[in-house]
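Enquirer: Enclosed is the structure file query.cif (mmCIF, C-alpha atoms).
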```cif
data_coords
loop_
_atom_site.label_atom_id
_atom_site.label_comp_id
_atom_site.auth_asym_id
_atom_site.auth_seq_id
_atom_site.Cartn_x
_atom_site.Cartn_y
_atom_site.Cartn_z
CA MET L 1 332.40 2.25 115.60
CA LEU L 2 335.75 0.78 116.58
CA PRO L 3 338.70 1.20 114.14
CA LYS L 4 340.05 -1.93 112.43
CA ASP L 5 343.68 -0.87 112.62
CA PRO L 6 345.27 -2.59 115.69
CA GLU L 7 347.45 0.42 116.42
CA ALA L 8 344.50 2.80 116.28
CA LEU L 9 342.45 0.40 118.46
CA GLU L 10 345.25 0.22 121.02
CA ALA L 11 345.53 4.02 121.01
CA LEU L 12 341.78 4.30 121.56
CA ARG L 13 341.94 1.87 124.47
CA ALA L 14 344.85 3.78 125.99
CA THR L 15 342.92 7.06 125.67
CA ARG L 16 339.81 5.61 127.31
CA GLN L 17 341.88 4.08 130.10
CA ALA L 18 343.67 7.38 130.71
CA ARG L 19 340.33 9.16 130.77
CA MET L 20 338.95 6.60 133.21
CA GLN L 21 342.02 6.92 135.45
CA ALA L 22 341.67 10.70 135.38
CA GLY L 23 338.00 10.40 136.36
CA LEU L 24 338.87 8.03 139.22
CA ALA L 25 341.57 10.40 140.38
CA ARG L 26 339.06 13.28 140.41
CA ARG L 27 336.57 11.22 142.40
CA TYR L 28 339.24 10.19 144.91
CA ARG L 29 340.32 13.81 145.28
CA GLY L 30 336.70 14.76 145.82
CA ASP L 31 336.33 12.05 148.47
CA ASN L 32 339.49 13.21 150.20
CA TRP L 33 338.35 16.82 150.12
CA PHE L 34 334.97 15.83 151.57
CA ARG L 35 336.66 13.76 154.27
CA TRP L 36 338.97 16.61 155.26
CA LEU L 37 336.12 19.13 155.20
CA GLY L 38 334.08 16.88 157.48
CA LEU L 39 337.03 16.40 159.81
CA GLY L 40 337.61 20.15 159.82
CA ALA L 41 333.98 20.85 160.66
CA VAL L 42 334.02 18.36 163.52
CA SER L 43 337.34 19.72 164.79
CA PHE L 44 336.07 23.30 164.63
CA SER L 45 332.90 22.34 166.52
CA ALA L 46 334.98 20.54 169.15
CA LEU L 47 337.28 23.55 169.54
CA VAL L 48 334.31 25.90 169.94
CA LEU L 49 332.82 23.57 172.56
CA VAL L 50 336.13 23.32 174.42
CA PHE L 51 336.54 27.11 174.28
CA LEU L 52 333.01 27.57 175.65
CA LEU L 53 333.54 25.11 178.49
CA VAL L 54 336.99 26.45 179.41
CA SER L 55 335.86 30.09 179.34
CA MET L 56 332.75 29.31 181.39
CA ALA L 57 334.77 27.30 183.90
CA ALA L 58 337.43 30.04 184.19
CA ASN L 59 334.87 32.81 184.65
CA GLY L 60 332.63 30.69 186.84
CA TRP L 61 335.45 29.68 189.19
CA ALA L 62 335.63 33.25 190.49
CA GLY L 63 331.87 33.20 191.01
CA PHE L 64 332.17 30.27 193.40
CA HIS L 65 334.41 32.41 195.66
CA ARG L 66 333.70 35.39 197.85
CA SER L 67 335.65 37.86 199.99
CA GLU L 68 335.81 36.85 203.64
CA LEU L 69 337.24 38.43 206.79
CA LYS L 70 339.01 36.29 209.37
CA LEU L 71 338.33 37.12 213.02
CA THR L 72 337.64 35.53 216.40
CA VAL L 73 334.30 35.92 218.18
CA PRO L 74 334.14 35.59 222.01
CA ILE L 75 331.50 33.13 223.18
CA ARG L 76 331.91 32.18 226.85
CA GLY L 77 330.63 34.90 229.13
CA VAL L 78 329.12 36.82 226.20
CA LEU L 79 326.27 34.55 225.11
CA GLN L 80 324.04 33.53 227.98
CA LEU L 81 322.20 30.70 226.26
CA ASP L 82 321.27 27.19 227.26
CA PRO L 83 322.61 24.71 224.64
CA GLN L 84 319.22 22.97 224.75
CA ARG L 85 317.73 26.09 223.17
CA LEU L 86 319.55 25.28 219.92
CA ALA L 87 317.51 22.06 219.61
CA GLN L 88 314.22 23.98 219.81
CA PRO L 89 312.42 25.74 216.95
CA ASP L 90 314.02 28.90 215.57
CA PRO L 91 317.52 28.47 217.06
CA LEU L 92 318.79 31.53 215.18
CA GLY L 93 316.14 33.62 216.92
CA GLY L 94 317.40 32.37 220.27
CA LEU L 95 320.97 33.30 219.37
CA GLU L 96 319.85 36.73 218.21
CA ALA L 97 318.03 37.31 221.49
CA ALA L 98 321.13 36.17 223.38
CA GLY L 99 323.17 38.94 221.72
CA LEU L 100 325.11 37.14 218.99
CA PRO L 101 324.81 40.01 216.42
CA ALA L 102 326.23 42.49 218.93
CA ALA L 103 329.03 40.08 219.86
CA VAL L 104 330.02 39.69 216.20
CA ASP L 105 329.97 43.46 215.63
CA ALA L 106 332.08 44.02 218.74
CA ALA L 107 334.59 41.40 217.61
CA ALA L 108 334.82 43.06 214.17
CA SER L 109 335.35 46.49 215.75
CA LYS L 110 338.08 45.08 217.97
CA ALA L 111 339.81 43.36 215.03
CA PHE L 112 339.50 46.03 212.32
CA GLY L 113 338.93 49.31 214.11
CA PRO L 114 335.91 51.42 215.04
CA THR L 115 334.27 50.86 211.64
CA GLY L 116 335.01 47.16 211.62
CA ALA L 117 331.34 46.20 211.89
CA ASP L 118 330.66 48.02 208.60
CA LEU L 119 333.24 45.83 206.85
CA LEU L 120 331.08 42.74 207.38
CA ALA L 121 328.16 41.81 205.14
CA VAL L 122 324.67 42.37 206.48
CA GLY L 123 323.58 39.30 208.43
CA ALA L 124 327.10 37.89 208.71
CA TRP L 125 326.33 36.86 212.29
CA ARG L 126 323.95 34.22 210.91
CA GLU L 127 326.91 32.18 209.67
CA VAL L 128 328.34 32.18 213.19
CA GLY L 129 324.92 31.10 214.40
CA SER L 130 324.80 28.26 211.89
CA LYS L 131 328.18 27.08 213.11
CA LEU L 132 326.97 27.09 216.73
CA ILE L 133 323.77 25.27 215.79
CA ALA L 134 325.77 22.58 214.00
CA ASP L 135 328.02 22.12 217.05
CA PRO L 136 326.37 23.30 220.33
CA ALA L 137 329.52 22.33 222.23
CA LEU L 138 331.12 25.53 220.88
CA LEU L 139 328.98 27.53 223.34
CA SER L 140 331.39 26.47 226.07
CA SER L 141 334.43 27.75 224.12
CA ALA L 142 336.11 30.98 225.09
CA GLU L 143 336.15 32.12 221.47
CA ILE L 144 335.82 30.67 218.02
CA ALA L 145 337.67 31.53 214.82
CA VAL L 146 335.38 32.29 211.91
CA SER L 147 335.62 33.55 208.35
CA LEU L 148 332.66 35.83 207.58
CA PRO L 149 331.56 37.46 204.31
CA ALA L 150 332.87 40.96 203.75
CA SER L 151 330.67 43.85 202.73
CA ASP L 152 330.05 44.52 199.05
CA ASP L 153 332.17 47.69 199.12
CA LEU L 154 335.13 45.89 200.69
CA ALA L 155 334.79 43.01 198.23
CA ASN L 156 334.81 45.44 195.31
CA ALA L 157 337.84 47.19 196.77
CA GLN L 158 339.65 43.85 197.03
CA ARG L 159 338.92 43.17 193.35
CA GLY L 160 340.31 46.60 192.46
CA GLY L 161 336.97 48.14 191.54
CA GLY L 162 336.36 50.31 194.58
CA SER L 163 335.94 54.09 194.31
CA ASP L 164 336.96 54.91 197.89
CA PRO L 165 340.79 55.18 198.15
CA VAL L 166 340.68 54.76 201.95
CA LEU L 167 338.72 51.52 201.65
CA THR L 168 340.98 50.33 198.83
CA ALA L 169 344.05 50.94 200.98
CA MET L 170 342.43 49.12 203.90
CA ALA L 171 341.55 46.17 201.64
CA GLY L 172 345.15 45.97 200.44
CA LYS L 173 346.43 46.08 204.03
CA LEU L 174 344.04 43.32 205.15
CA VAL L 175 345.00 41.17 202.16
CA ARG L 176 348.70 41.50 202.98
CA GLU L 177 347.94 40.53 206.58
CA ASP L 178 345.98 37.51 205.31
CA ARG L 179 342.85 38.68 207.12
CA LEU L 180 340.89 39.39 203.93
CA VAL L 181 340.86 36.40 201.60
CA ARG L 182 339.00 35.01 198.62
CA ALA L 183 337.54 31.73 199.88
CA PHE L 184 335.45 29.06 198.20
CA ASP L 185 331.82 29.75 199.01
CA THR L 186 330.25 26.40 199.84
CA GLY L 187 327.01 28.16 200.78
CA PHE L 188 326.50 29.34 197.20
CA LEU L 189 324.88 26.00 196.39
CA VAL L 190 322.55 26.00 199.42
CA ARG L 191 321.38 29.62 199.66
CA ALA L 192 318.70 31.44 197.69
CA ASP L 193 318.69 34.87 196.05
CA ALA L 194 319.72 37.98 198.00
CA THR L 195 320.37 41.65 197.41
CA SER L 196 324.12 41.29 198.02
CA PRO L 197 326.43 39.28 195.74
CA GLN L 198 328.30 38.18 198.86
CA SER L 199 325.18 36.47 200.21
CA VAL L 200 323.42 35.15 197.10
CA GLY L 201 322.97 31.48 196.38
CA ILE L 202 321.71 29.32 193.56
CA TRP L 203 319.74 26.68 195.43
CA GLY L 204 316.42 28.51 195.19
CA ALA L 205 316.64 28.75 191.39
CA LEU L 206 318.08 25.24 191.06
CA LYS L 207 315.27 23.72 193.11
CA GLY L 208 312.74 25.72 191.10
CA SER L 209 314.22 24.37 187.86
CA MET L 210 314.10 20.80 189.17
CA MET L 211 310.45 21.11 190.20
CA THR L 212 309.48 22.84 186.95
CA MET L 213 311.27 20.21 184.82
CA LEU L 214 309.57 17.43 186.80
CA ILE L 215 306.13 18.88 186.08
CA THR L 216 307.09 19.32 182.42
CA LEU L 217 308.24 15.73 182.10
CA LEU L 218 305.23 14.26 183.92
CA LEU L 219 302.83 16.13 181.62
CA ALA L 220 304.62 16.20 178.26
CA PHE L 221 306.09 12.69 178.10
CA PRO L 222 302.98 10.48 178.62
CA VAL L 223 300.70 12.76 176.62
CA GLY L 224 303.23 13.08 173.79
CA VAL L 225 303.94 9.34 173.62
CA LEU L 226 300.27 8.36 173.72
CA SER L 227 299.47 10.94 171.04
CA ALA L 228 302.24 9.55 168.82
CA LEU L 229 300.97 6.00 169.34
CA TYR L 230 297.41 6.95 168.48
CA LEU L 231 298.33 8.92 165.37
CA GLU L 232 300.69 6.24 164.08
CA GLU L 233 298.98 3.00 165.10
CA TYR L 234 295.26 3.69 165.41
CA ALA L 235 294.22 6.82 163.53
CA GLY L 236 293.55 6.26 159.86
CA ARG L 237 294.53 8.63 157.10
CA SER L 238 291.94 11.36 156.82
CA ARG L 239 291.63 15.10 156.46
CA TRP L 240 291.28 15.38 160.23
CA THR L 241 294.54 13.56 160.96
CA ASP L 242 296.30 15.61 158.28
CA ILE L 243 295.17 18.80 160.03
CA ILE L 244 296.40 17.45 163.38
CA GLU L 245 299.77 16.50 161.89
CA ILE L 246 300.23 19.92 160.29
CA SER L 247 299.23 21.62 163.54
CA ILE L 248 301.73 19.60 165.58
CA ASN L 249 304.54 20.36 163.11
CA ASN L 250 303.68 24.07 163.26
CA LEU L 251 303.54 24.06 167.06
CA ALA L 252 307.08 22.68 167.20
CA ALA L 253 308.29 25.80 165.35
CA VAL L 254 306.26 28.39 167.28
CA PRO L 255 308.41 30.92 169.22
CA SER L 256 308.56 30.07 172.90
CA ILE L 257 307.18 33.41 174.03
CA ILE L 258 303.86 32.49 172.40
CA PHE L 259 303.55 29.60 174.83
CA GLY L 260 304.26 32.07 177.62
CA LEU L 261 301.37 34.22 176.43
CA LEU L 262 299.19 31.11 176.32
CA GLY L 263 300.16 30.22 179.89
CA LEU L 264 299.47 33.79 180.97
CA ALA L 265 296.06 33.84 179.30
CA VAL L 266 294.90 30.34 180.26
CA PHE L 267 296.70 28.90 183.27
CA LEU L 268 296.99 32.10 185.27
CA ALA L 269 293.37 32.93 184.44
CA LEU L 270 292.34 29.58 185.92
CA PHE L 271 294.80 29.71 188.84
CA PRO L 272 295.48 33.40 189.58
CA ASN L 273 297.04 32.64 192.98
CA LEU L 274 299.75 30.41 191.49
CA ARG L 275 301.70 33.10 189.68
CA SER L 276 305.40 32.18 189.30
CA ALA L 277 304.74 28.71 190.76
CA PRO L 278 306.63 25.67 189.38
CA LEU L 279 303.26 24.08 188.58
CA ILE L 280 302.32 26.86 186.15
CA GLY L 281 305.84 26.99 184.72
CA GLY L 282 305.87 23.24 184.16
CA MET L 283 302.47 23.30 182.46
CA THR L 284 303.61 26.11 180.16
CA LEU L 285 306.85 24.36 179.21
CA ALA L 286 304.96 21.08 178.74
CA LEU L 287 302.92 22.72 175.97
CA MET L 288 306.16 23.75 174.27
CA THR L 289 307.85 20.36 174.70
CA MET L 290 304.94 18.13 173.72
CA PRO L 291 305.09 18.70 169.91
CA VAL L 292 308.77 17.72 169.84
CA ILE L 293 308.02 14.48 171.69
CA VAL L 294 305.07 13.70 169.40
CA ILE L 295 307.12 14.22 166.22
CA SER L 296 310.10 12.20 167.43
CA GLY L 297 307.78 9.54 168.82
CA ARG L 298 305.98 9.12 165.51
CA ASN L 299 309.26 8.81 163.63
CA ALA L 300 310.55 6.24 166.13
CA ILE L 301 307.33 4.20 165.93
CA LYS L 302 307.36 4.37 162.15
CA ALA L 303 310.93 3.01 162.14
CA VAL L 304 309.87 -0.24 163.82
CA PRO L 305 309.78 -2.91 161.06
CA PRO L 306 306.27 -4.13 160.08
CA SER L 307 307.53 -7.69 160.47
CA ILE L 308 307.58 -7.16 164.26
CA ARG L 309 303.90 -6.36 164.22
CA ASP L 310 303.07 -9.24 161.86
CA ALA L 311 305.04 -11.73 163.96
CA ALA L 312 303.32 -10.63 167.17
CA LEU L 313 299.88 -10.86 165.59
CA ALA L 314 300.74 -14.29 164.18
CA MET L 315 301.61 -15.46 167.70
CA GLY L 316 298.15 -14.47 168.90
CA ALA L 317 298.86 -11.10 170.48
CA SER L 318 296.07 -8.53 170.50
CA PRO L 319 296.58 -5.17 168.77
CA VAL L 320 297.04 -3.48 172.16
CA GLN L 321 299.64 -6.07 173.18
CA VAL L 322 301.44 -5.59 169.87
CA VAL L 323 301.68 -1.85 170.50
CA PHE L 324 302.66 -1.86 174.18
CA HIS L 325 304.68 -5.10 174.35
CA HIS L 326 306.58 -4.89 171.08
CA VAL L 327 306.29 -1.58 169.18
CA LEU L 328 306.63 0.82 172.09
CA PRO L 329 309.69 -0.87 173.71
CA LEU L 330 311.48 -0.92 170.36
CA ALA L 331 310.59 2.72 169.67
CA LEU L 332 311.42 3.93 173.17
CA PRO L 333 315.09 4.83 172.47
CA GLY L 334 314.04 7.12 169.65
CA ILE L 335 311.28 8.61 171.78
CA LEU L 336 313.75 9.30 174.58
CA THR L 337 316.05 11.04 172.09
CA GLY L 338 313.26 13.46 171.22
CA THR L 339 312.46 13.87 174.90
CA ILE L 340 316.08 14.80 175.62
CA ILE L 341 315.98 17.48 172.94
CA GLY L 342 312.65 18.86 174.16
CA MET L 343 313.61 18.89 177.83
CA ALA L 344 316.99 20.49 177.10
CA ARG L 345 315.22 23.25 175.20
CA ALA L 346 312.71 23.70 178.02
CA LEU L 347 315.48 23.91 180.63
CA GLY L 348 317.10 26.85 178.89
CA GLU L 349 313.93 28.81 178.16
CA THR L 350 313.43 32.21 179.74
CA ALA L 351 310.81 34.08 177.72
CA PRO L 352 307.72 31.92 178.53
CA LEU L 353 308.59 31.88 182.23
CA LEU L 354 309.04 35.64 182.29
CA MET L 355 305.51 35.97 180.95
CA ILE L 356 304.02 34.00 183.85
CA GLY L 357 305.89 36.00 186.49
CA MET L 358 308.88 33.79 187.33
CA ARG L 359 311.17 36.83 187.34
CA ALA L 360 310.37 38.03 190.84
CA PHE L 361 312.88 38.24 193.67
CA VAL L 362 312.49 34.95 195.58
CA ALA L 363 314.50 34.97 198.81
CA SER L 364 313.70 31.39 199.86
CA PRO L 365 313.55 28.09 197.94
CA PRO L 366 310.05 26.87 196.98
CA SER L 367 308.55 24.49 199.52
CA ASP L 368 306.10 22.84 197.11
CA PHE L 369 304.87 23.02 193.51
CA THR L 370 302.55 25.96 194.24
CA SER L 371 305.08 28.20 196.04
CA PRO L 372 306.63 31.24 194.32
CA ALA L 373 309.84 30.24 192.58
CA THR L 374 312.32 31.15 189.90
CA VAL L 375 314.48 29.02 187.61
CA LEU L 376 318.12 29.02 186.62
CA PRO L 377 317.83 30.81 183.23
CA VAL L 378 315.71 33.59 184.75
CA GLN L 379 318.10 33.91 187.70
CA ILE L 380 321.03 34.20 185.29
CA PHE L 381 319.11 36.83 183.30
CA LEU L 382 318.40 38.90 186.41
CA TRP L 383 321.96 38.73 187.74
CA SER L 384 323.47 39.62 184.37
CA ASP L 385 321.50 42.88 184.46
CA GLU L 386 323.11 43.98 187.74
CA ILE L 387 325.86 46.59 187.77
CA ASP L 388 327.86 45.14 190.66
CA ARG L 389 330.85 43.14 189.44
CA GLY L 390 330.14 40.55 192.11
CA PHE L 391 326.87 39.66 190.43
CA ILE L 392 328.69 39.26 187.10
CA GLU L 393 330.95 36.64 188.68
CA ARG L 394 327.95 34.94 190.25
CA THR L 395 326.28 34.90 186.83
CA SER L 396 329.17 32.87 185.39
CA ALA L 397 328.97 30.46 188.33
CA ALA L 398 325.22 30.07 187.78
CA ILE L 399 325.85 29.28 184.10
CA VAL L 400 328.27 26.54 185.16
CA VAL L 401 325.61 25.10 187.49
CA LEU L 402 323.07 25.22 184.64
CA LEU L 403 325.44 23.39 182.29
CA ILE L 404 326.15 20.72 184.92
CA PHE L 405 322.43 20.28 185.56
CA LEU L 406 321.81 19.98 181.82
CA LEU L 407 324.60 17.41 181.43
CA LEU L 408 323.28 15.36 184.36
CA MET L 409 319.73 15.44 183.03
CA ASN L 410 320.85 14.46 179.54
CA GLY L 411 323.18 11.80 180.94
CA ILE L 412 320.33 10.13 182.79
CA ALA L 413 318.14 10.25 179.69
CA ILE L 414 320.92 8.83 177.50
CA TYR L 415 321.50 6.03 180.00
CA LEU L 416 317.80 5.16 179.95
CA ARG L 417 317.79 5.29 176.15
CA ASN L 418 320.73 2.90 175.91
CA ARG L 419 319.22 0.73 178.64
CA PHE L 420 316.02 0.18 176.67
CA GLU L 421 317.65 0.01 173.26
CA LYS L 422 317.04 -3.27 171.43
CA ARG L 423 318.34 -4.46 168.11
CA TRP L 424 316.51 -6.54 165.55
#
```
Rewrite the structure of this file - the entire thing - as structure tokens.

Expert:
Amino acid sequence: MLPKDPEALEALRATRQARMQAGLARRYRGDNWFRWLGLGAVSFSALVLVFLLVSMAANGWAGFHRSELKLTVPIRGVLQLDPQRLAQPDPLGGLEAAGLPAAVDAAASKAFGPTGADLLAVGAWREVGSKLIADPALLSSAEIAVSLPASDDLANAQRGGGSDPVLTAMAGKLVREDRLVRAFDTGFLVRADATSPQSVGIWGALKGSMMTMLITLLLAFPVGVLSALYLEEYAGRSRWTDIIEISINNLAAVPSIIFGLLGLAVFLALFPNLRSAPLIGGMTLALMTMPVIVISGRNAIKAVPPSIRDAALAMGASPVQVVFHHVLPLALPGILTGTIIGMARALGETAPLLMIGMRAFVASPPSDFTSPATVLPVQIFLWSDEIDRGFIERTSAAIVVLLIFLLLMNGIAIYLRNRFEKRW
């Protein structure tokens, strides 16, 4: 009940207004605090991401380099080989028979002393052979200047981790003479795994990841999208569909190693000769990725307004035409978002692929989908377990390659999502 005294009424109004202003001030302070907390969270996440990228790039940059020895190898009068032989099958075999390994060892001994051949990595002559194969005209040269990979012990001595003082002193002397250098290893991206960190490459694992991801996408995407369409557009509400929905939601949360056990028990039992093949790895990862695509696909299809369906039916379209000409194109951006998440998770998985044998030493890139192969996460896992410091640097470089591959894959998917995005 309001007071009748004007002064008391005015005082009451002033009190209520002050209380209202105080409440507004509290709400504004709360909004400001929430805004600053959100900005702080985003800034912290951005700083963590920048720190991760910078640290990976800094550590990985050393992994893209290797220790190399500069020397000259005599060619004319040493290699008796017809240049036409380099155009025939197995040109490296022809160069080996012509005495190229011995010529390289002799050149190293002449340049670095009696033990000079031991300072080169095993198989260093192959890089000289590759250079001759790329340019057969070099066979007529008196000598060629090359930069060949150093041995693991010499590389460790150059990094300061050697245990032999004589070798460490020799490494320091060669560095001062600019005959032992750290050079960018362009072959790291085109070679496969090896027992020496000076000779390893990432192409075998990268090609295996590409082939495995292709199989995963070809299996998981169409099956997941069609399953989402059926469950959302055709299947009625029943106990059976409820069980299917609960099962799919549970499968999306199952640990990845369980899918590896499933692949080991089912796929390798059916195809025992395809152990560690990209085909088996892709099928295993497809099982893990499919529930994510189904769930995101159903949510994207459900988000399409019913008026789109009603308008298409009113124009005479059949139910199938409504789904594939109107609903699916409008839901495709959301489906692709779920596919990006599922494929990114599959790309970084190691446990299920370890279960099906993709942890073996693979010295050559896979030639087809049934050849033995490994993938980038498994390769990183194996290198990180090595004691040699050179492998630790190579591990950082492999992580950089994995991140770039992930960014490229996600970039293509995001482009396709934006390309097919439609507004209503």

Enquirer: Apply the PyMOL selection byres ((chain L and resi 398) around 12) to the structure shown and report the selected residues as JSON, numbers by chain.

Expert: {"L": [56, 57, 59, 60, 61, 62, 63, 64, 188, 189, 192, 193, 200, 201, 202, 203, 204, 205, 206, 375, 376, 377, 378, 379, 380, 381, 382, 383, 384, 391, 392, 393, 394, 395, 396, 397, 399, 400, 401, 402, 403, 404, 405]}

Enquirer: Please indicate the distance in Å from atom CA of L:Ala145 to atom CA of L:Val128, rounded to one decimal place.

Expert: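 Value for the atom CA of L:Ala145-atom CA of L:Val128 distance: 9.5 Å.
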
Enquirer: Measure the distance from atom CA of L:Ala108 to atom CA of L:Val181 in Å and round it to one decimal.

Expert: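 Calculated distance between atom CA of L:Ala108 and atom CA of L:Val181 is 15.5 Å.
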
Enquirer: If you measure from atom CA of L:Val322 to atom CA of L:Lys302, what distance in Å do you get, rounded to one decimal?

Expert: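 So the answer is 13.9 Å.
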
Enquirer: Within 9 Å of L:Met409, counting all atoms listed in the file, which residues show up once you throw out same-chain ones fewer than 5 positions away? Write them as a list in words, please.

Expert: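 Final neighbour list, sorted by chain and number: Ile340, Met343, Ala344, Ile404 and Ile414 of chain L.
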
Enquirer: What's the 8 Å shell around L:Leu264, counting only C-alpha atoms, without same-chain residues fewer than 5 positions away, as a PyMOL selection string?

Expert: chain L and resi 269+355-356

Enquirer: Under the rule that all atoms listed in the file are counted, which of L:Val223, L:Leu354, L:Val54, L:Val304 is the nearest residue to L:Ala373?

Expert: L:Leu354

Enquirer: Run the PyMOL selection byres ((chain L and resi 232-244) around 8) on the file and write out the hits as a PyMOL selection string.

Expert: chain L and resi 228-231+245-248+298+301-302+323

Enquirer: Determine the nearest neighbour of L:Leu86 from the options L:Ser130, L:Ser163, L:Ser367, L:Ser55, counting all atoms listed in the file.

Expert: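 The shortest atom-to-atom distance to L:Leu86 comes from L:Ser130.
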
Enquirer: Pick from L:Pro329, L:Gly338, L:Gly263, L:Gly187: nearest to L:Thr289, with all atoms listed in the file counted?

Expert: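 Using all atoms listed in the file, the shortest distance to L:Thr289 belongs to L:Gly338.
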
Enquirer: Taking the file as shown, what set of residues would the PyMOL selection byres ((chain L and resi 118-125) around 7) give back, as a list of chain:residue names?

Expert: L:Leu100, L:Pro101, L:Val104, L:Thr115, L:Gly116, L:Ala117, L:Arg126, L:Glu127, L:Val128, L:Gly129, L:Leu148, L:Pro149, L:Ala150, L:Ser151, L:Asp152, L:Leu154

Enquirer: Pick out the closest residue to L:Asp368 from this set: L:Leu37, L:Pro278, L:Met20, L:Asn156. Count only C-alpha atoms.

Expert: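 Between L:Leu37, L:Pro278, L:Met20, L:Asn156, the residue approaching L:Asp368 most closely is L:Pro278.
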
Enquirer: Can you tell me, as a VMD selection string, what residues are no more than 7 Å from L:Ile75 when counting all atoms listed in the file, ignoring any on the same chain fewer than 3 positions away?

Expert: chain L and resid 78 to 79 139 141 to 143

Enquirer: Could you check which residues have any atom within 7 Å of (302.0, 23.9, 169.3), counting only C-alpha atoms with coordinates taken straight from the file, and then list them as a ChimeraX atom specification?

Expert: /L:247-248,250-252,254,287-288,291

Enquirer: Return as JSON the box centre and box size in Å, one decimal, for an axis-aligned box around all listed atoms of stretch 349-366 of chain L padded by 5 Å per side.

Expert:
```
{"center_x": 309.3, "center_y": 32.6, "center_z": 188.8, "size_x": 20.5, "size_y": 21.4, "size_z": 32.1}
```

Enquirer: Could you tell me which of L:Gln88, L:Asn418, L:Thr339, L:Gln198 comes closest to L:Ala183 if we count all atoms listed in the file?

Expert: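 Ranked by minimum distance to L:Ala183, first place goes to L:Gln198.
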
Enquirer: Using all atoms listed in the file for the distances, tell me which of L:Gly208, L:Pro333, L:Pro305, L:Gly224 is nearest to L:Leu347.

Expert: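 Residue with the minimum atom-to-atom distance to L:Leu347: L:Gly208.
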